[in-house]
Each structure stands twice: as structure tokens, then as C-alpha cells.
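Pasted below: data_33.cif, mmCIF, C-alpha atoms.
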data_protein
loop_
_atom_site.label_atom_id
_atom_site.label_comp_id
_atom_site.auth_asym_id
_atom_site.auth_seq_id
_atom_site.Cartn_x
_atom_site.Cartn_y
_atom_site.Cartn_z
CA MET A 1 -23.38 -39.57 -12.72
CA THR A 2 -20.53 -37.47 -14.10
CA ASN A 3 -21.76 -34.43 -16.03
CA ASN A 4 -20.97 -34.07 -19.74
CA SER A 5 -17.68 -32.57 -20.90
CA SER A 6 -19.15 -29.09 -21.42
CA THR A 7 -19.79 -28.63 -17.69
CA THR A 8 -17.77 -28.95 -14.52
CA PRO A 9 -17.51 -32.62 -13.48
CA ASP A 10 -19.31 -33.66 -10.32
CA ARG A 11 -16.41 -34.41 -7.98
CA ARG A 12 -18.34 -35.13 -4.80
CA GLY A 13 -17.37 -38.21 -2.80
CA LEU A 14 -13.64 -38.14 -3.53
CA HIS A 15 -12.14 -36.93 -0.26
CA ILE A 16 -12.63 -35.02 2.98
CA GLU A 17 -10.54 -32.03 3.99
CA TRP A 18 -10.28 -31.70 7.77
CA ASP A 19 -7.86 -29.68 9.89
CA GLY A 20 -5.29 -29.45 7.11
CA HIS A 21 -5.53 -33.18 6.36
CA ARG A 22 -6.92 -34.82 3.23
CA CYS A 23 -8.58 -38.20 3.67
CA LEU A 24 -9.62 -40.13 0.59
CA LEU A 25 -13.08 -41.69 0.44
CA LYS A 26 -13.05 -45.16 -1.07
CA TRP A 27 -16.12 -46.27 -2.99
CA HIS A 28 -16.85 -49.63 -1.33
CA ARG A 29 -17.80 -52.21 -3.96
CA GLY A 30 -17.98 -49.39 -6.47
CA ARG A 31 -20.70 -47.48 -4.63
CA ARG A 32 -20.72 -43.69 -4.77
CA PHE A 33 -24.17 -43.02 -3.32
CA ALA A 34 -26.21 -44.83 -0.68
CA GLY A 35 -28.28 -47.50 -2.41
CA ASP A 36 -25.99 -47.93 -5.42
CA ILE A 37 -25.80 -51.43 -6.88
CA ALA A 38 -22.41 -52.98 -6.23
CA PHE A 39 -19.85 -53.55 -8.99
CA THR A 40 -21.56 -51.79 -11.90
CA GLN A 41 -19.31 -50.89 -14.80
CA ALA A 42 -20.91 -47.42 -15.05
CA ARG A 43 -19.84 -46.47 -11.51
CA ILE A 44 -16.37 -47.98 -11.93
CA VAL A 45 -15.82 -45.95 -15.11
CA GLU A 46 -17.22 -42.83 -13.45
CA GLY A 47 -14.87 -43.23 -10.49
CA MET A 48 -11.81 -43.84 -12.62
CA THR A 49 -12.69 -40.86 -14.81
CA ILE A 50 -12.99 -38.32 -12.00
CA GLY A 51 -10.10 -39.61 -9.90
CA ALA A 52 -11.79 -41.65 -7.19
CA SER A 53 -10.51 -44.44 -5.00
CA VAL A 54 -12.76 -47.37 -5.95
CA GLU A 55 -12.87 -50.88 -4.50
CA ILE A 56 -14.13 -54.07 -6.11
CA ASP A 57 -13.90 -57.70 -4.98
CA LEU A 58 -12.43 -60.63 -6.89
CA GLN A 59 -13.55 -64.25 -6.54
CA ARG A 60 -12.50 -67.44 -8.26
CA TYR A 61 -14.94 -69.12 -10.60
CA GLY A 62 -14.99 -72.29 -12.70
CA GLY A 63 -12.82 -70.92 -15.50
CA ASP A 64 -9.29 -69.56 -15.35
CA GLY A 65 -9.13 -66.21 -13.60
CA PHE A 66 -11.47 -64.13 -11.48
CA VAL A 67 -14.90 -62.51 -11.48
CA VAL A 68 -15.96 -59.22 -9.87
CA LEU A 69 -18.21 -60.47 -7.07
CA HIS A 70 -17.97 -60.62 -3.27
CA ASP A 71 -19.56 -63.95 -2.34
CA GLU A 72 -18.72 -67.52 -3.29
CA ASP A 73 -22.28 -68.12 -4.51
CA LEU A 74 -24.08 -66.52 -7.45
CA HIS A 75 -27.22 -65.95 -5.37
CA PRO A 76 -28.44 -63.43 -4.23
CA ALA A 77 -26.20 -60.82 -5.88
CA THR A 78 -26.86 -62.10 -9.41
CA THR A 79 -29.63 -63.75 -11.40
CA GLY A 80 -27.73 -67.04 -11.25
CA LYS A 81 -27.72 -69.82 -8.66
CA GLY A 82 -25.09 -72.15 -7.34
CA ALA A 83 -21.45 -71.94 -6.41
CA LEU A 84 -19.22 -69.58 -8.36
CA ILE A 85 -16.64 -72.31 -8.70
CA SER A 86 -19.17 -74.29 -10.76
CA ALA A 87 -19.83 -71.42 -13.20
CA ALA A 88 -18.12 -71.40 -16.60
CA ARG A 89 -16.99 -68.28 -18.44
CA GLU A 90 -19.87 -68.43 -20.90
CA ASP A 91 -22.45 -68.57 -18.08
CA PHE A 92 -21.78 -64.97 -17.09
CA ALA A 93 -22.90 -63.63 -20.46
CA HIS A 94 -26.47 -64.60 -19.53
CA LEU A 95 -26.43 -63.32 -15.93
CA ARG A 96 -27.13 -59.89 -14.50
CA LEU A 97 -26.63 -58.17 -11.16
CA ARG A 98 -29.55 -57.80 -8.75
CA ASP A 99 -30.30 -54.69 -6.71
CA SER A 100 -30.62 -54.67 -2.90
CA ASP A 101 -34.30 -55.66 -3.17
CA GLY A 102 -33.46 -58.69 -5.29
CA ASN A 103 -34.72 -57.22 -8.55
CA GLN A 104 -32.91 -58.04 -11.77
CA THR A 105 -31.04 -55.15 -13.33
CA ALA A 106 -29.47 -54.61 -16.75
CA HIS A 107 -25.96 -54.53 -15.28
CA PRO A 108 -23.64 -57.31 -16.49
CA ILE A 109 -21.15 -59.22 -14.33
CA LEU A 110 -17.52 -58.39 -15.00
CA LEU A 111 -14.71 -60.86 -15.42
CA ILE A 112 -11.16 -59.71 -14.70
CA GLU A 113 -10.46 -59.16 -18.39
CA ASP A 114 -13.63 -57.04 -18.75
CA LEU A 115 -12.51 -54.95 -15.79
CA ALA A 116 -9.09 -54.37 -17.32
CA VAL A 117 -10.65 -53.15 -20.57
CA LEU A 118 -12.84 -50.71 -18.60
CA ILE A 119 -9.81 -49.28 -16.84
CA ARG A 120 -7.80 -49.03 -20.04
CA ASP A 121 -10.55 -47.39 -22.08
CA ALA A 122 -12.09 -45.10 -19.43
CA GLY A 123 -9.79 -42.14 -20.07
CA TYR A 124 -9.15 -42.26 -16.35
CA SER A 125 -7.70 -39.59 -14.10
CA PRO A 126 -4.09 -40.12 -12.95
CA ASP A 127 -5.43 -39.76 -9.38
CA ALA A 128 -7.78 -42.72 -9.73
CA VAL A 129 -6.98 -46.00 -8.01
CA LEU A 130 -8.94 -49.23 -8.29
CA GLN A 131 -8.50 -51.57 -5.34
CA LEU A 132 -8.76 -55.23 -6.29
CA ASP A 133 -9.77 -56.91 -3.03
CA LEU A 134 -9.03 -60.60 -3.46
CA LYS A 135 -11.47 -62.86 -1.63
CA ALA A 136 -10.13 -66.19 -2.88
CA PRO A 137 -7.55 -67.91 -0.63
CA SER A 138 -4.14 -68.79 -2.01
CA SER A 139 -4.99 -72.49 -1.78
CA SER A 140 -7.74 -72.06 -4.41
CA ILE A 141 -5.60 -70.15 -6.92
CA GLY A 142 -3.87 -72.11 -9.66
CA GLU A 143 -1.14 -71.13 -12.07
CA ALA A 144 -3.69 -70.65 -14.86
CA ASP A 145 -5.53 -68.14 -12.67
CA ILE A 146 -2.32 -66.22 -12.08
CA THR A 147 -1.59 -66.19 -15.80
CA ALA A 148 -5.07 -64.87 -16.58
CA PHE A 149 -4.76 -62.21 -13.88
CA ALA A 150 -1.36 -61.05 -15.12
CA LYS A 151 -2.50 -60.88 -18.76
CA ALA A 152 -5.46 -58.68 -17.81
CA ILE A 153 -3.89 -56.44 -15.17
CA ALA A 154 -0.28 -55.94 -16.30
CA PRO A 155 -1.22 -53.25 -18.88
CA VAL A 156 -3.06 -51.21 -16.20
CA ALA A 157 -0.95 -52.21 -13.18
CA ARG A 158 -0.14 -48.68 -12.04
CA SER A 159 -3.83 -47.78 -11.76
CA VAL A 160 -4.73 -50.57 -9.34
CA ILE A 161 -3.73 -51.89 -5.94
CA LEU A 162 -4.17 -55.56 -5.05
CA SER A 163 -5.18 -56.39 -1.48
CA ALA A 164 -6.37 -59.30 0.62
CA GLY A 165 -6.35 -60.77 4.08
CA ASP A 166 -4.29 -63.63 2.65
CA ALA A 167 -0.76 -62.24 2.24
CA GLU A 168 0.39 -65.33 0.36
CA ALA A 169 -2.31 -64.95 -2.28
CA VAL A 170 -1.36 -61.31 -2.85
CA GLU A 171 2.31 -62.20 -3.05
CA ARG A 172 1.75 -64.91 -5.66
CA LEU A 173 -0.33 -62.68 -7.92
CA SER A 174 1.90 -59.64 -7.47
CA GLN A 175 5.01 -61.58 -8.44
CA ALA A 176 3.39 -61.98 -11.86
CA VAL A 177 2.68 -58.22 -12.09
CA PRO A 178 5.72 -56.52 -10.50
CA ALA A 179 4.59 -52.96 -11.27
CA MET A 180 1.33 -53.40 -9.34
CA PRO A 181 1.14 -51.88 -5.82
CA ILE A 182 -0.17 -54.13 -3.06
CA GLY A 183 -1.91 -53.77 0.30
CA TYR A 184 -2.67 -56.04 3.23
CA ASP A 185 -5.57 -56.51 5.65
CA PRO A 186 -4.34 -58.09 8.91
CA CYS A 187 -7.79 -58.18 10.54
CA HIS A 188 -8.90 -61.65 9.40
CA ASN A 189 -8.78 -65.20 10.77
CA GLY A 190 -9.54 -64.21 14.33
CA ALA A 191 -6.89 -61.47 14.48
CA ARG A 192 -9.35 -58.86 15.77
CA GLU A 193 -10.56 -61.06 18.59
CA ARG A 194 -7.03 -62.02 19.60
CA LEU A 195 -5.93 -58.40 19.65
CA ARG A 196 -8.87 -57.39 21.83
CA GLU A 197 -7.80 -60.04 24.32
CA SER A 198 -4.03 -59.53 24.22
CA ARG A 199 -3.94 -55.78 23.61
CA ASP A 200 -0.51 -56.37 22.07
CA PHE A 201 -0.90 -53.54 19.58
CA ALA A 202 2.80 -53.19 18.83
CA GLY A 203 2.97 -56.91 18.13
CA PHE A 204 -0.02 -56.63 15.81
CA VAL A 205 1.70 -53.88 13.82
CA ALA A 206 4.95 -55.83 13.62
CA GLY A 207 3.11 -58.97 12.54
CA ALA A 208 1.25 -57.16 9.76
CA ILE A 209 4.44 -55.65 8.38
CA GLY A 210 6.21 -58.98 8.58
CA ALA A 211 3.38 -60.80 6.79
CA SER A 212 3.38 -58.40 3.84
CA PRO A 213 6.62 -56.37 3.82
CA ARG A 214 5.99 -54.90 0.35
CA ALA A 215 2.51 -53.57 1.19
CA ARG A 216 1.93 -49.85 0.71
CA MET A 217 -1.50 -49.68 2.32
CA ILE A 218 -2.81 -51.39 5.46
CA TYR A 219 -6.55 -52.00 5.67
CA LEU A 220 -7.97 -51.94 9.21
CA ALA A 221 -11.48 -52.39 10.57
CA HIS A 222 -12.44 -48.97 11.89
CA GLU A 223 -13.74 -50.52 15.11
CA LEU A 224 -10.27 -51.94 15.80
CA ILE A 225 -8.61 -48.56 15.24
CA LEU A 226 -11.00 -46.94 17.69
CA PHE A 227 -10.61 -49.75 20.23
CA ALA A 228 -6.83 -49.34 20.19
CA ASP A 229 -7.26 -45.56 20.48
CA ALA A 230 -9.44 -46.00 23.56
CA GLU A 231 -6.69 -48.17 25.03
CA GLY A 232 -4.13 -45.43 24.38
CA PHE A 233 -2.48 -46.87 21.26
CA ASP A 234 -2.48 -45.10 17.89
CA LEU A 235 -2.57 -47.86 15.27
CA ILE A 236 -2.64 -45.37 12.41
CA GLY A 237 0.38 -43.51 13.75
CA ALA A 238 2.24 -46.78 14.27
CA PHE A 239 1.82 -47.79 10.64
CA HIS A 240 2.60 -44.25 9.51
CA ALA A 241 5.90 -44.53 11.38
CA HIS A 242 6.80 -47.36 8.99
CA GLY A 243 5.88 -45.29 5.92
CA LEU A 244 2.55 -47.06 5.35
CA GLU A 245 -0.86 -45.59 4.66
CA VAL A 246 -3.99 -46.77 6.48
CA ASP A 247 -7.50 -47.38 5.19
CA ALA A 248 -10.32 -47.63 7.77
CA TYR A 249 -13.26 -49.82 6.73
CA THR A 250 -16.29 -49.88 6.43
CA ILE A 251 -18.62 -46.94 7.20
CA ARG A 252 -21.89 -48.36 5.95
CA ALA A 253 -24.12 -45.29 6.20
CA ALA A 254 -23.57 -41.55 6.60
CA THR A 255 -25.51 -40.97 9.81
CA TYR A 256 -25.13 -38.63 12.76
CA GLU A 257 -24.68 -41.71 14.95
CA ILE A 258 -21.47 -42.66 13.11
CA LEU A 259 -20.17 -39.07 12.86
CA PRO A 260 -18.17 -39.04 16.15
CA LYS A 261 -16.30 -42.17 15.05
CA VAL A 262 -15.53 -40.66 11.65
CA MET A 263 -14.32 -37.46 13.24
CA ARG A 264 -11.99 -39.40 15.52
CA LEU A 265 -10.59 -41.32 12.54
CA LEU A 266 -9.92 -37.99 10.83
CA ALA A 267 -8.26 -36.63 13.98
CA LEU A 268 -5.99 -39.69 13.95
CA ARG A 269 -5.04 -38.79 10.37
CA VAL A 270 -6.42 -41.85 8.63
CA ASP A 271 -5.44 -41.78 4.95
CA GLN A 272 -8.61 -43.32 3.54
CA ILE A 273 -12.08 -44.30 4.71
CA THR A 274 -14.01 -47.06 3.00
CA THR A 275 -17.71 -46.27 2.80
CA ASP A 276 -20.91 -47.29 1.03
CA ASP A 277 -21.95 -43.63 0.78
CA PRO A 278 -18.94 -41.44 -0.09
CA VAL A 279 -21.03 -38.47 -1.19
CA GLY A 280 -23.21 -38.63 1.90
CA LEU A 281 -20.24 -39.00 4.24
CA GLU A 282 -18.46 -36.03 2.71
CA ALA A 283 -21.59 -33.91 3.08
CA LEU A 284 -21.99 -35.03 6.70
CA VAL A 285 -18.45 -33.97 7.63
CA VAL A 286 -18.71 -30.71 5.69
CA GLY A 287 -21.87 -29.96 7.61
CA GLU A 288 -20.08 -30.67 10.88
CA SER A 289 -17.16 -28.40 9.95
CA SER A 290 -19.50 -25.55 9.03
CA GLY A 291 -21.44 -25.89 12.27
CA LYS A 292 -24.66 -27.04 10.68
#
Can the structure in the file be given as C-alpha cells, please?
Amino acid sequence: MTNNSSTTPDRRGLHIEWDGHRCLLKWHRGRRFAGDIAFTQARIVEGMTIGASVEIDLQRYGGDGFVVLHDEDLHPATTGKGALISAAREDFAHLRLRDSDGNQTAHPILLIEDLAVLIRDAGYSPDAVLQLDLKAPSSSIGEADITAFAKAIAPVARSVILSAGDAEAVERLSQAVPAMPIGYDPCHNGARERLRESRDFAGFVAGAIGASPRARMIYLAHELILFADAEGFDLIGAFHAHGLEVDAYTIRAATYEILPKVMRLLALRVDQITTDDPVGLEALVVGESSGK
């Protein structure tokens, strides 16, 4: 956790410096260390306070608006059971997050309005960015959901970025919050498999830009970046040529087996790496650079 105000803050897990290039480390599902419980308000506040890039997921539930969870079912991530879409707002007050072993924790589940209050009250760093990764498709989002989203996020719009694999869903929500930056993930709905077959990398880039022309950040599966690289095409450079930044996801664990892939991503000048162990990944690369 962040040290108290009388000492130097612990700023590990924010970025990697390599060959004159700075690559941000994004805290996947709000995780800073390997084994962290996803989506805890303590880690979100910590990240926003020290200037981290933090990602959380948003799902639809039975009320108006969104909840900070990844899956469409309450089990096994929470102490509840059943489909999220059947859960009412008041149900979440009685539920708690579970850890990776399935044990109940004291951590509450956040609704979109709770998240907005955390961001507003955290005393956050101007460098901090909270990625809101929308998992609900546009077809499931009603006007009341958009209204609830806008009410919560508009006051903190410049501290977040909304992303999804559904460009239409992002567009609808972002129209209600014009000051909010947006991103796009073009790797869904069979796109990866089609690209591996066609190898039409330039077409893939053009299609992504056309699908979400206002996006600032493009989110790409790291395996796809490295596949294109092996085929002689620089996906990161192609998006950079259009003024866009690229996030490579997801490095699950900071291991020596993954290190060559991470080093190649850094050599390609990726802007951000999504990882479940930002502190461990930073230490791994620092060790590599120092010859350890």
C-alpha cells in the first residue's frame, strides 16, 4: 500500500523505462501485485493517488447503470449467485468480493456512482487514468443506463478513459459525456482469428480506425502484436502513424518465460502494457536491464 504522507510514496508498478522509452504499466482489474483481489476500492484509490494507469470492468445489472465486475454472473467473484442482470441495486449492499481461492473478503462491490465518488475524493494525481472497460454490448444498454453513467462520470470525465470491443456502445455513452476520452479494442468477435488467416494487417488497422475514429488508445492482444511482428508488420507503428497510442494486453504473470515477449513489445515502443503484476513486471525488466 501507499506509505503515509511523511515518507516517500511507493511508486513501483507505474511504468518501465527502456532504451529512452517510457511504457506505462496498467493495473489490470485494479491489481498492483500478483495475487491482488480484483476491483477493490483500496487499490483503485491507491492507484489514482500515486498516478497509476488502472483498469476496471463495467457490467450491466438489474438496476439503471453499471457495476464494477467482469463477468455476467455474480458467482464466483462475489458472495452472490445468479445473473447480474437479475440483481437489484440494494442487493449489492449485502455482497462482498471473493479472493482467488473463493474465500469471502471484506471488500464491497462498487456501482458506477460509488466508483465516481472514489475518483473524486481520492486526491488523485493528475497523471492517474482509470480505464472503464465496458463489457456490456450496446444492445443491452438503455437510455436510463446512459443517464446514470453520465451523472456519475461527467464530474470526473478527464480522469477516465472509456473502452470496449463494441464501438457503438462506447460511442453512445461518450456522446453523453463529451469530455471523456475513449479507446477501442478491435480484437473481439473473431477478429484475431480472421487476421491470422488473412494477414491483412493494414486492413485491420484501417478497420479499427474507421470503427472508432475518435479513439485515442487502441487495445491489442499482445499475442496479435507479436504475430504481426513475426510476419514483418509493425501494428504498433501503424497505429502510431495515425497519432494513436497502443496498449498491449494481458501479461498475466511476471515470469522469465514471458520476458522475451515483453522486451519485444518494449522494442516496438508499445505505450502501455496491461498486467496482473505491475510491480513484478517492472522488477523483472529492471533486472534484465541491469544484467541480473
Picked residues, the PyMOL selection byres ((chain A and resi 44) around 10), expected as a list in words: Trp27, Arg29, Gly30, Arg31, Arg32, Ala38, Phe39, Thr40, Gln41, Ala42, Arg43, Val45, Glu46, Gly47, Met48, Thr49, Ala52, Ser53, Val54, Glu55, Ile56, Leu115, Leu118, Ile119, Ala122 and Leu130 of chain A
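Across the structure, CA of Ala164 (chain A) and CA of Lys135 (chain A) are spaced 6.6 Å apart.
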Find the residues of region 133-190 of chain A that sit at most 12 Å from region 73-91 of chain A; for each, write down the nearest two atoms and how far apart they are in Å, to one decimal. Count all atoms listed in the file. Sort by chain, then by number going up, and give it as a tab-separated table.
residue	atom	partner	partner_atom	distance
A:Ala136	CA	A:Ile85	CA	10.7
A:Ser140	CA	A:Ile85	CA	9.9
A:Ile141	CA	A:Ile85	CA	11.4
Applying the PyMOL selection byres ((chain A and resi 286-288) around 12) to the file I just gave you, which residues come out? Please list them as a VMD selection string. chain A and resid 12 to 13 15 to 19 254 to 256 259 to 260 262 to 263 279 to 285 289 to 292
Kindly compute an axis-aligned box around the listed atoms of region 149-156 of chain A, allowing 5 Å on each side, and express its centre and edge lengths in Å to one decimal as lines of an AutoDock Vina configuration file.
center_x = -2.9
center_y = -56.7
center_z = -16.4
size_x = 15.2
size_y = 21.0
size_z = 15.0
Pull the neighbourhood of (-14.7, -47.9, 13.0) for me: all residues within 10 Å in file coordinates, counting only C-alpha atoms, as a PyMOL selection string. chain A and resi 220-227+248-251+258+261-262+264-265+273
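Residues selected in this file by the PyMOL selection byres ((chain A and resi 175-184) around 6) comprise Ala150, Ala154, Ala157, Arg158, Ile161, Leu162, Ser163, Ala164, Arg172, Leu173, Ser174, Asp185, Ala215, Arg216, Met217 and Ile218 of chain A.
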Using all atoms listed in the file and a cutoff of 9 Å, can you tell me which residues are near (-12.6, -59.7, -8.8) in the file's coordinates, and write them out as a ChimeraX atom specification? /A:56-60,65-70,110-112,115,132-135
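Among the candidate residues A:Tyr61, A:Phe92, A:Phe33, A:Phe239, the one lying nearest to Gly142 (chain A) is A:Tyr61, with distances computed using only C-alpha atoms.
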Let me make sure I understand: among A:Ala208, A:Val160, A:Val170, A:Ala152, which one has the smallest atom-to-atom distance to Pro186 (chain A) if we use all atoms listed in the file? A:Ala208
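CA of Ser138 (chain A) to CA of Gly63 (chain A) spans 16.2 Å [interatomic distance, one decimal].
Considering only C-alpha atoms, the residue among A:Gly207, A:Pro137, A:Gly165, A:Pro278 positioned nearest to Cys187 (chain A) is A:Gly165.
Using all atoms listed in the file, the shortest contact distance between Ser159 (chain A) and any of A:Asp145, A:Ser139, A:Ala228, A:Gly123 is found at A:Gly123.
Residue nearest Glu113 (chain A), chosen from A:Gly232, A:Gly190, A:Pro155, A:Gly62 and counting all atoms listed in the file: A:Pro155.
The space between CA of Ala230 (chain A) and CA of Arg196 (chain A) spans 11.5 Å.
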Export region 155-177 of chain A of the preceding structure, keeping N, CA and C atoms, as a PDB file, in the first residue's frame.
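Ended up saving to decode.pdb:
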ATOM      1  N   PRO A 155     -18.550  14.451 -13.855  1.00  0.00           N
ATOM      2  CA  PRO A 155     -17.698  15.295 -12.994  1.00  0.00           C
ATOM      3  C   PRO A 155     -16.225  14.871 -12.952  1.00  0.00           C
ATOM      4  N   VAL A 156     -15.923  13.624 -13.351  1.00  0.00           N
ATOM      5  CA  VAL A 156     -14.542  13.130 -13.293  1.00  0.00           C
ATOM      6  C   VAL A 156     -14.069  12.670 -14.676  1.00  0.00           C
ATOM      7  N   ALA A 157     -14.708  13.189 -15.716  1.00  0.00           N
ATOM      8  CA  ALA A 157     -14.516  12.675 -17.075  1.00  0.00           C
ATOM      9  C   ALA A 157     -13.071  12.722 -17.536  1.00  0.00           C
ATOM     10  N   ARG A 158     -12.328  13.724 -17.139  1.00  0.00           N
ATOM     11  CA  ARG A 158     -10.958  13.883 -17.630  1.00  0.00           C
ATOM     12  C   ARG A 158      -9.963  12.963 -16.922  1.00  0.00           C
ATOM     13  N   SER A 159     -10.428  12.207 -15.937  1.00  0.00           N
ATOM     14  CA  SER A 159      -9.558  11.268 -15.228  1.00  0.00           C
ATOM     15  C   SER A 159      -9.807   9.825 -15.639  1.00  0.00           C
ATOM     16  N   VAL A 160     -10.703   9.615 -16.616  1.00  0.00           N
ATOM     17  CA  VAL A 160     -11.018   8.261 -17.047  1.00  0.00           C
ATOM     18  C   VAL A 160     -10.868   8.154 -18.563  1.00  0.00           C
ATOM     19  N   ILE A 161     -10.866   6.917 -19.040  1.00  0.00           N
ATOM     20  CA  ILE A 161     -10.986   6.641 -20.466  1.00  0.00           C
ATOM     21  C   ILE A 161     -11.936   5.453 -20.604  1.00  0.00           C
ATOM     22  N   LEU A 162     -12.934   5.586 -21.448  1.00  0.00           N
ATOM     23  CA  LEU A 162     -13.913   4.529 -21.667  1.00  0.00           C
ATOM     24  C   LEU A 162     -13.482   3.698 -22.865  1.00  0.00           C
ATOM     25  N   SER A 163     -13.511   2.373 -22.706  1.00  0.00           N
ATOM     26  CA  SER A 163     -13.112   1.484 -23.790  1.00  0.00           C
ATOM     27  C   SER A 163     -14.060   0.302 -23.874  1.00  0.00           C
ATOM     28  N   ALA A 164     -13.999  -0.378 -25.018  1.00  0.00           N
ATOM     29  CA  ALA A 164     -14.764  -1.608 -25.211  1.00  0.00           C
ATOM     30  C   ALA A 164     -14.386  -2.204 -26.552  1.00  0.00           C
ATOM     31  N   GLY A 165     -14.822  -3.437 -26.764  1.00  0.00           N
ATOM     32  CA  GLY A 165     -14.724  -4.034 -28.073  1.00  0.00           C
ATOM     33  C   GLY A 165     -15.929  -3.716 -28.923  1.00  0.00           C
ATOM     34  N   ASP A 166     -16.932  -3.106 -28.327  1.00  0.00           N
ATOM     35  CA  ASP A 166     -18.154  -2.696 -29.020  1.00  0.00           C
ATOM     36  C   ASP A 166     -18.084  -1.186 -29.223  1.00  0.00           C
ATOM     37  N   ALA A 167     -17.695  -0.759 -30.420  1.00  0.00           N
ATOM     38  CA  ALA A 167     -17.505   0.671 -30.696  1.00  0.00           C
ATOM     39  C   ALA A 167     -18.805   1.443 -30.554  1.00  0.00           C
ATOM     40  N   GLU A 168     -19.915   0.819 -30.886  1.00  0.00           N
ATOM     41  CA  GLU A 168     -21.207   1.506 -30.785  1.00  0.00           C
ATOM     42  C   GLU A 168     -21.552   1.813 -29.337  1.00  0.00           C
ATOM     43  N   ALA A 169     -21.282   0.868 -28.440  1.00  0.00           N
ATOM     44  CA  ALA A 169     -21.566   1.086 -27.022  1.00  0.00           C
ATOM     45  C   ALA A 169     -20.751   2.254 -26.483  1.00  0.00           C
ATOM     46  N   VAL A 170     -19.466   2.297 -26.836  1.00  0.00           N
ATOM     47  CA  VAL A 170     -18.614   3.400 -26.396  1.00  0.00           C
ATOM     48  C   VAL A 170     -19.115   4.723 -26.947  1.00  0.00           C
ATOM     49  N   GLU A 171     -19.488   4.730 -28.202  1.00  0.00           N
ATOM     50  CA  GLU A 171     -19.965   5.957 -28.831  1.00  0.00           C
ATOM     51  C   GLU A 171     -21.223   6.483 -28.141  1.00  0.00           C
ATOM     52  N   ARG A 172     -22.153   5.613 -27.836  1.00  0.00           N
ATOM     53  CA  ARG A 172     -23.396   6.046 -27.191  1.00  0.00           C
ATOM     54  C   ARG A 172     -23.136   6.654 -25.816  1.00  0.00           C
ATOM     55  N   LEU A 173     -22.294   6.003 -25.022  1.00  0.00           N
ATOM     56  CA  LEU A 173     -22.006   6.530 -23.691  1.00  0.00           C
ATOM     57  C   LEU A 173     -21.167   7.802 -23.767  1.00  0.00           C
ATOM     58  N   SER A 174     -20.240   7.852 -24.688  1.00  0.00           N
ATOM     59  CA  SER A 174     -19.347   9.016 -24.770  1.00  0.00           C
ATOM     60  C   SER A 174     -20.076  10.253 -25.289  1.00  0.00           C
ATOM     61  N   GLN A 175     -21.113  10.057 -26.072  1.00  0.00           N
ATOM     62  CA  GLN A 175     -21.899  11.215 -26.522  1.00  0.00           C
ATOM     63  C   GLN A 175     -22.543  11.929 -25.342  1.00  0.00           C
ATOM     64  N   ALA A 176     -22.817  11.181 -24.274  1.00  0.00           N
ATOM     65  CA  ALA A 176     -23.420  11.770 -23.077  1.00  0.00           C
ATOM     66  C   ALA A 176     -22.384  12.411 -22.167  1.00  0.00           C
ATOM     67  N   VAL A 177     -21.095  12.108 -22.392  1.00  0.00           N
ATOM     68  CA  VAL A 177     -20.005  12.681 -21.591  1.00  0.00           C
ATOM     69  C   VAL A 177     -18.926  13.143 -22.564  1.00  0.00           C
TER      70      VAL A 177
END
